[in-house]
Amino acid sequence: MKKKVLSVLLSTTMVLGVLSGCGGTSTESNNDTASEAPAEKSEEATAESTEAASEEKTEEAKEETTEATETTAATGDFSGEDPQLEKDFHILSIWAEDNDNGVLINNICKAYQEVNPNFTYEYELVSSDDLRQKVATLVASNDLPDMFVYESGKPIVDLIEADQIVDIGAMLNEIGSTDFVTPSATSLLETLSGTDTIYDLPLGLNVEGFWYNKALFEQAGITSAPVTWDEFEEDLAKLHDAGIQPLACGAADKWGATRLINAYTVRTLGADALKNAADGNASYTDEGYVAAAAKVQEWADKGYFGEGVNTVDMNTAGSMLMTGKAAIFYNGSWFASNLNDTSANAAGEDGIGFFNIPTVDESVSAIDSYSMNCGNILCLSKAKEDEATKWFIKYFVEHIGDEAMTTQGSIKGYTYSAQASEMSAYTKLVLDEIGKAQSAFTWYEATMNSEVSDAAQSNVQMLLSGEMTPENYMQSIQDAADMSALN
Amino acid sequence: MKKVLGNKGAISLFVVPALILYSIIVVLPVLWSFYYSFFSGSPGLKWEFSGVKNYIQLLSDKNFRNSLIVNLKYIGIVMIGQVGGGLLMALMFRFWLKRFKNVVRTIVFFPVVLPTVAVGQLFAKIYEIQPNYGLLNSILSAVGLNALVQPWIGQASTALGSLEVMDIWTGIGFHSIILYGALLDIPDDVIEAGRIDGCNGFNLFRHILAPLLRPMIITCMVFSFSGTVKLFESALALTNGGPGNATRSLSMYMYSVAFTYNKVGYGSVIAIFIFLLCITGSRIINLFDKKESYY
């Protein structure tokens, strides 16, 4: 009897506990939504205060790495010496201070403090996943930081429409530093935001294309990298016949697959094909767009991607290329850093080559037109803009090109005069390709908002597995576009 | 004592602090979310009152319907797998593996303590097909079933099943341990009496064990339901909702809508739907519990 009472008691408490747990779970998700704003704010406040404290210490402690004494000659009011205006500059970034672009931004800021001792800065970090939400919250509370990292393409357009960010093109004109941002980067940023001027500063300049394993090409009897699409398909067939997997594709990461659709779309319909569809001047379900999706599905059906392409991520696909398990791999120029890693790159220093997306019709899209992007970008808050900001930006754009080249051997979309001390063959290869680019086009999802891009990316896996026809795939993108237009 | 508990002031003194806390962390966000559901956009960017538009949109949203179906299929299969499988295992411990029960229990319980992400990675390797065959495909190919070698989590037709197998594997140990505990509570003489009366194994289970285990089975079902209705992290770790939307659950869809598509208002509507789903599910399971009290 006692046992029964006890077990009934126990089970009731368990049921109750679980039920409350059940309620708790669902409300937790609600809680996230609801309390986002206040939580973020307080978090930010504490983060800022601690950052400020630690910043001051490190500033004194750390030695300056870069010397910056001269100010380059410029025109207008902004020529000559820096007036050393007082400014507390807030930067919101997604890179830690010792990582990637974080190093560059911090080096430039520290070097600028030598020029202008009255300049202080706070460097705040947010994870890239939370970036958009964070910026949205800051916009709502009218508290955008002086400078912040953001995403080009559709996200920045929202900020431009909300009149939140500075017209950097005009600012560069005023301070006479327009020439320090390379024309290709400028035109790319203009295309991405759909404006005549730039509202952001680039933090990278990447080309994309096909990396190929030279040994496997030789093995299949291919002498040179393909230039036209017909040659490309012939080579794929040759590789396949020779028992080599022609293409590695990281479809688990989704964008690796949509880039291939993009390649064919742009080469057959021109660089503005996707913009037209996004603007409603064309439909995603039009013949040309469907043909590109059909092309990629055809490759999948022929087994060019090997088995289970949807389970392969970009890293695995990259190592498949390097270890000779696949012959061709589409990726951006940032892949060079993997190739430079001798422990991972079994193909060696000259084992991997690069070719641009082959052309279908030279007159529609020429071979010197590359798929390019600027990575993440920097925006300036319109509300916080003042004279001191302009002086800082002047220093920033004039020095970051050299800084990036000397410390990282990378191109960020600014002119540079310095030379990297030791440049690997792959880095040189990338620089050469960037040099060849005469015009640029963007990636598949650049003109899509997140909802449409999500549809394009997740359904591409169904396209590859053959569970969705090309028509239905493009229809699903069009549906998402229609759906998001509703709100 | 009666005096104290009869005093309304005393009662409120005991209840009010907890009630306030509960209201702040549970009731308020729910109401807040409900309020948000009448807006479009995201706070800060294009945040506008839109009336019941979000609710109307929900009715015609294909993605929502798809996620709901995925979620319901998952709840059904995984609940049966976890509780039913757990019960079978518990019976096995009790009647067949008595001598090794400690070892077996430890092994079976082991997956429960593993972090979901690690389990996801583990199973991604098991289902792997490229660049190398994973465990499952190697076995299939080794025994000559090459026709069955396939990208298990790379195609919509098998992805949800693969995910369900993973989560049953993870959860089955937990339920088998609970049910095993309940089985131990059933006195040996009852079972022996049944045997003497001529029960075979099935009848013993049907007429003696099952009724006595009923409360625990219901408890397990509630556990399993609350665990499966919120499907999120295991799908994220194994398939990230793909391929296509084959394994995207309601809560994953809600997350995308609210934080990726920046439609916090519409996301709130979905959140409210999940909330209602939880309540309804718990109610249904509770109905079984009420029947129990007639015995």
# chains A, B, ... in the order shown; residues from 1 in each chain; ligands from 1

$ select_by_dssp --residues "region 362-447 of chain A" --states "alpha helix (DSSP H)" --output "PyMOL selection string"
chain A and resi 387-408+425-436

$ residues_around --residues "region 131-140 of chain B" --least-positions-apart "4" --cutoff "12 Å" --atoms "only C-alpha atoms" --output "number ranges by chain"
A: 245, 248-250, 305-313, 315-321, 323-326; B: 121-127, 144-153, 162

$ residues_around --residues "Lys87 (chain A)" --least-positions-apart "5" --cutoff "7 Å" --atoms "only C-alpha atoms" --output "MDAnalysis selection string"
chainID A and resid 118:120 388

$ interface_residues --of "chain B" --to "chain A" --cutoff "8 Å" --atoms "only C-alpha atoms" --output "MDAnalysis selection string"
chainID B and resid 25:26 29:30 32:33 36 40:45 128:131 150:151 153:156 215:216 219 222:223 226 230 242:245 257:261 264 268 271:272 274:275 278:279 282

$ closest_residue --among "B:Tyr55, B:Phe100, B:Phe34, B:Trp169" --to "Gly120 (chain B)" --atoms "only C-alpha atoms"
B:Trp169

$ residues_around --residues "Ala182 (chain B)" --least-positions-apart "3" --cutoff "7 Å" --atoms "only C-alpha atoms" --output "list in words"
Ile178, Leu179, Asp185, Ile186, Leu213 and Met216 of chain B

$ decode --residues "region 293-392 of chain A" --atoms "C-alpha atoms" --output "mmCIF file, in the first residue's frame"
data_model
loop_
_atom_site.group_PDB
_atom_site.id
_atom_site.type_symbol
_atom_site.label_atom_id
_atom_site.label_comp_id
_atom_site.auth_asym_id
_atom_site.auth_seq_id
_atom_site.Cartn_x
_atom_site.Cartn_y
_atom_site.Cartn_z
ATOM 1 C CA ALA A 293 18.637 24.448 -62.648
ATOM 2 C CA ALA A 294 18.074 21.634 -65.146
ATOM 3 C CA LYS A 295 21.749 21.745 -66.101
ATOM 4 C CA VAL A 296 22.878 21.151 -62.528
ATOM 5 C CA GLN A 297 20.320 18.410 -62.051
ATOM 6 C CA GLU A 298 21.526 16.789 -65.260
ATOM 7 C CA TRP A 299 25.053 16.673 -63.823
ATOM 8 C CA ALA A 300 23.737 15.150 -60.632
ATOM 9 C CA ASP A 301 21.800 12.531 -62.610
ATOM 10 C CA LYS A 302 24.914 11.654 -64.566
ATOM 11 C CA GLY A 303 26.713 11.073 -61.296
ATOM 12 C CA TYR A 304 29.222 13.894 -61.752
ATOM 13 C CA PHE A 305 28.963 14.835 -58.076
ATOM 14 C CA GLY A 306 29.402 11.297 -56.825
ATOM 15 C CA GLU A 307 27.017 9.750 -54.356
ATOM 16 C CA GLY A 308 25.148 11.674 -51.697
ATOM 17 C CA VAL A 309 26.247 15.167 -52.666
ATOM 18 C CA ASN A 310 23.846 16.624 -50.093
ATOM 19 C CA THR A 311 25.832 15.168 -47.240
ATOM 20 C CA VAL A 312 29.146 16.695 -48.306
ATOM 21 C CA ASP A 313 30.088 20.043 -46.829
ATOM 22 C CA MET A 314 32.394 22.597 -48.405
ATOM 23 C CA ASN A 315 35.384 21.554 -46.294
ATOM 24 C CA THR A 316 35.047 17.917 -47.266
ATOM 25 C CA ALA A 317 34.560 18.858 -50.900
ATOM 26 C CA GLY A 318 37.717 20.977 -50.729
ATOM 27 C CA SER A 319 39.764 18.155 -49.299
ATOM 28 C CA MET A 320 38.356 15.802 -51.922
ATOM 29 C CA LEU A 321 39.858 18.094 -54.538
ATOM 30 C CA MET A 322 43.181 18.336 -52.745
ATOM 31 C CA THR A 323 43.474 14.601 -52.162
ATOM 32 C CA GLY A 324 42.571 13.759 -55.746
ATOM 33 C CA LYS A 325 39.155 12.239 -55.104
ATOM 34 C CA ALA A 326 37.447 14.790 -57.316
ATOM 35 C CA ALA A 327 38.757 16.869 -60.169
ATOM 36 C CA ILE A 328 36.917 20.201 -60.027
ATOM 37 C CA PHE A 329 35.547 22.247 -57.158
ATOM 38 C CA TYR A 330 33.747 25.567 -57.274
ATOM 39 C CA ASN A 331 34.820 27.956 -54.539
ATOM 40 C CA GLY A 332 36.041 31.483 -53.942
ATOM 41 C CA SER A 333 39.554 32.835 -53.828
ATOM 42 C CA TRP A 334 39.533 32.459 -50.038
ATOM 43 C CA PHE A 335 40.029 28.753 -50.718
ATOM 44 C CA ALA A 336 43.662 29.679 -51.408
ATOM 45 C CA SER A 337 44.284 29.759 -47.663
ATOM 46 C CA ASN A 338 43.354 26.047 -47.508
ATOM 47 C CA LEU A 339 45.614 25.377 -50.458
ATOM 48 C CA ASN A 340 48.460 27.214 -48.747
ATOM 49 C CA ASP A 341 48.172 24.822 -45.838
ATOM 50 C CA THR A 342 50.700 22.186 -46.857
ATOM 51 C CA SER A 343 49.473 19.672 -44.301
ATOM 52 C CA ALA A 344 45.996 19.655 -45.881
ATOM 53 C CA ASN A 345 46.899 20.145 -49.509
ATOM 54 C CA ALA A 346 48.144 16.811 -50.756
ATOM 55 C CA ALA A 347 48.302 18.154 -54.298
ATOM 56 C CA GLY A 348 51.281 20.315 -53.465
ATOM 57 C CA GLU A 349 52.235 23.845 -54.363
ATOM 58 C CA ASP A 350 51.405 23.591 -58.031
ATOM 59 C CA GLY A 351 48.910 20.748 -58.035
ATOM 60 C CA ILE A 352 45.749 22.843 -58.148
ATOM 61 C CA GLY A 353 44.802 25.331 -60.832
ATOM 62 C CA PHE A 354 42.002 27.837 -61.277
ATOM 63 C CA PHE A 355 39.747 28.707 -64.179
ATOM 64 C CA ASN A 356 36.960 31.218 -64.421
ATOM 65 C CA ILE A 357 33.409 30.064 -65.139
ATOM 66 C CA PRO A 358 33.427 29.003 -68.811
ATOM 67 C CA THR A 359 31.373 31.126 -71.177
ATOM 68 C CA VAL A 360 28.321 30.088 -73.092
ATOM 69 C CA ASP A 361 28.046 33.169 -75.271
ATOM 70 C CA GLU A 362 30.873 35.745 -75.210
ATOM 71 C CA SER A 363 28.449 38.524 -76.106
ATOM 72 C CA VAL A 364 26.168 37.822 -73.143
ATOM 73 C CA SER A 365 28.809 37.336 -70.493
ATOM 74 C CA ALA A 366 32.510 37.486 -71.330
ATOM 75 C CA ILE A 367 35.358 35.478 -69.882
ATOM 76 C CA ASP A 368 36.834 38.508 -68.121
ATOM 77 C CA SER A 369 33.643 38.829 -66.119
ATOM 78 C CA TYR A 370 34.038 37.146 -62.746
ATOM 79 C CA SER A 371 31.764 36.224 -59.911
ATOM 80 C CA MET A 372 33.026 38.516 -57.184
ATOM 81 C CA ASN A 373 32.096 39.599 -53.717
ATOM 82 C CA CYS A 374 33.358 41.909 -51.022
ATOM 83 C CA GLY A 375 32.781 39.672 -48.060
ATOM 84 C CA ASN A 376 31.350 41.482 -45.084
ATOM 85 C CA ILE A 377 31.325 45.236 -45.324
ATOM 86 C CA LEU A 378 31.624 48.263 -43.062
ATOM 87 C CA CYS A 379 28.869 50.848 -42.649
ATOM 88 C CA LEU A 380 28.884 54.188 -40.886
ATOM 89 C CA SER A 381 26.029 55.481 -38.781
ATOM 90 C CA LYS A 382 24.495 58.609 -40.242
ATOM 91 C CA ALA A 383 23.500 59.980 -36.829
ATOM 92 C CA LYS A 384 27.031 59.747 -35.447
ATOM 93 C CA GLU A 385 28.870 61.144 -38.453
ATOM 94 C CA ASP A 386 31.007 64.259 -37.834
ATOM 95 C CA GLU A 387 34.279 65.895 -38.870
ATOM 96 C CA ALA A 388 36.373 63.562 -36.755
ATOM 97 C CA THR A 389 34.741 60.539 -38.382
ATOM 98 C CA LYS A 390 35.736 61.843 -41.792
ATOM 99 C CA TRP A 391 39.333 62.293 -40.733
ATOM 100 C CA PHE A 392 39.399 58.786 -39.386
#
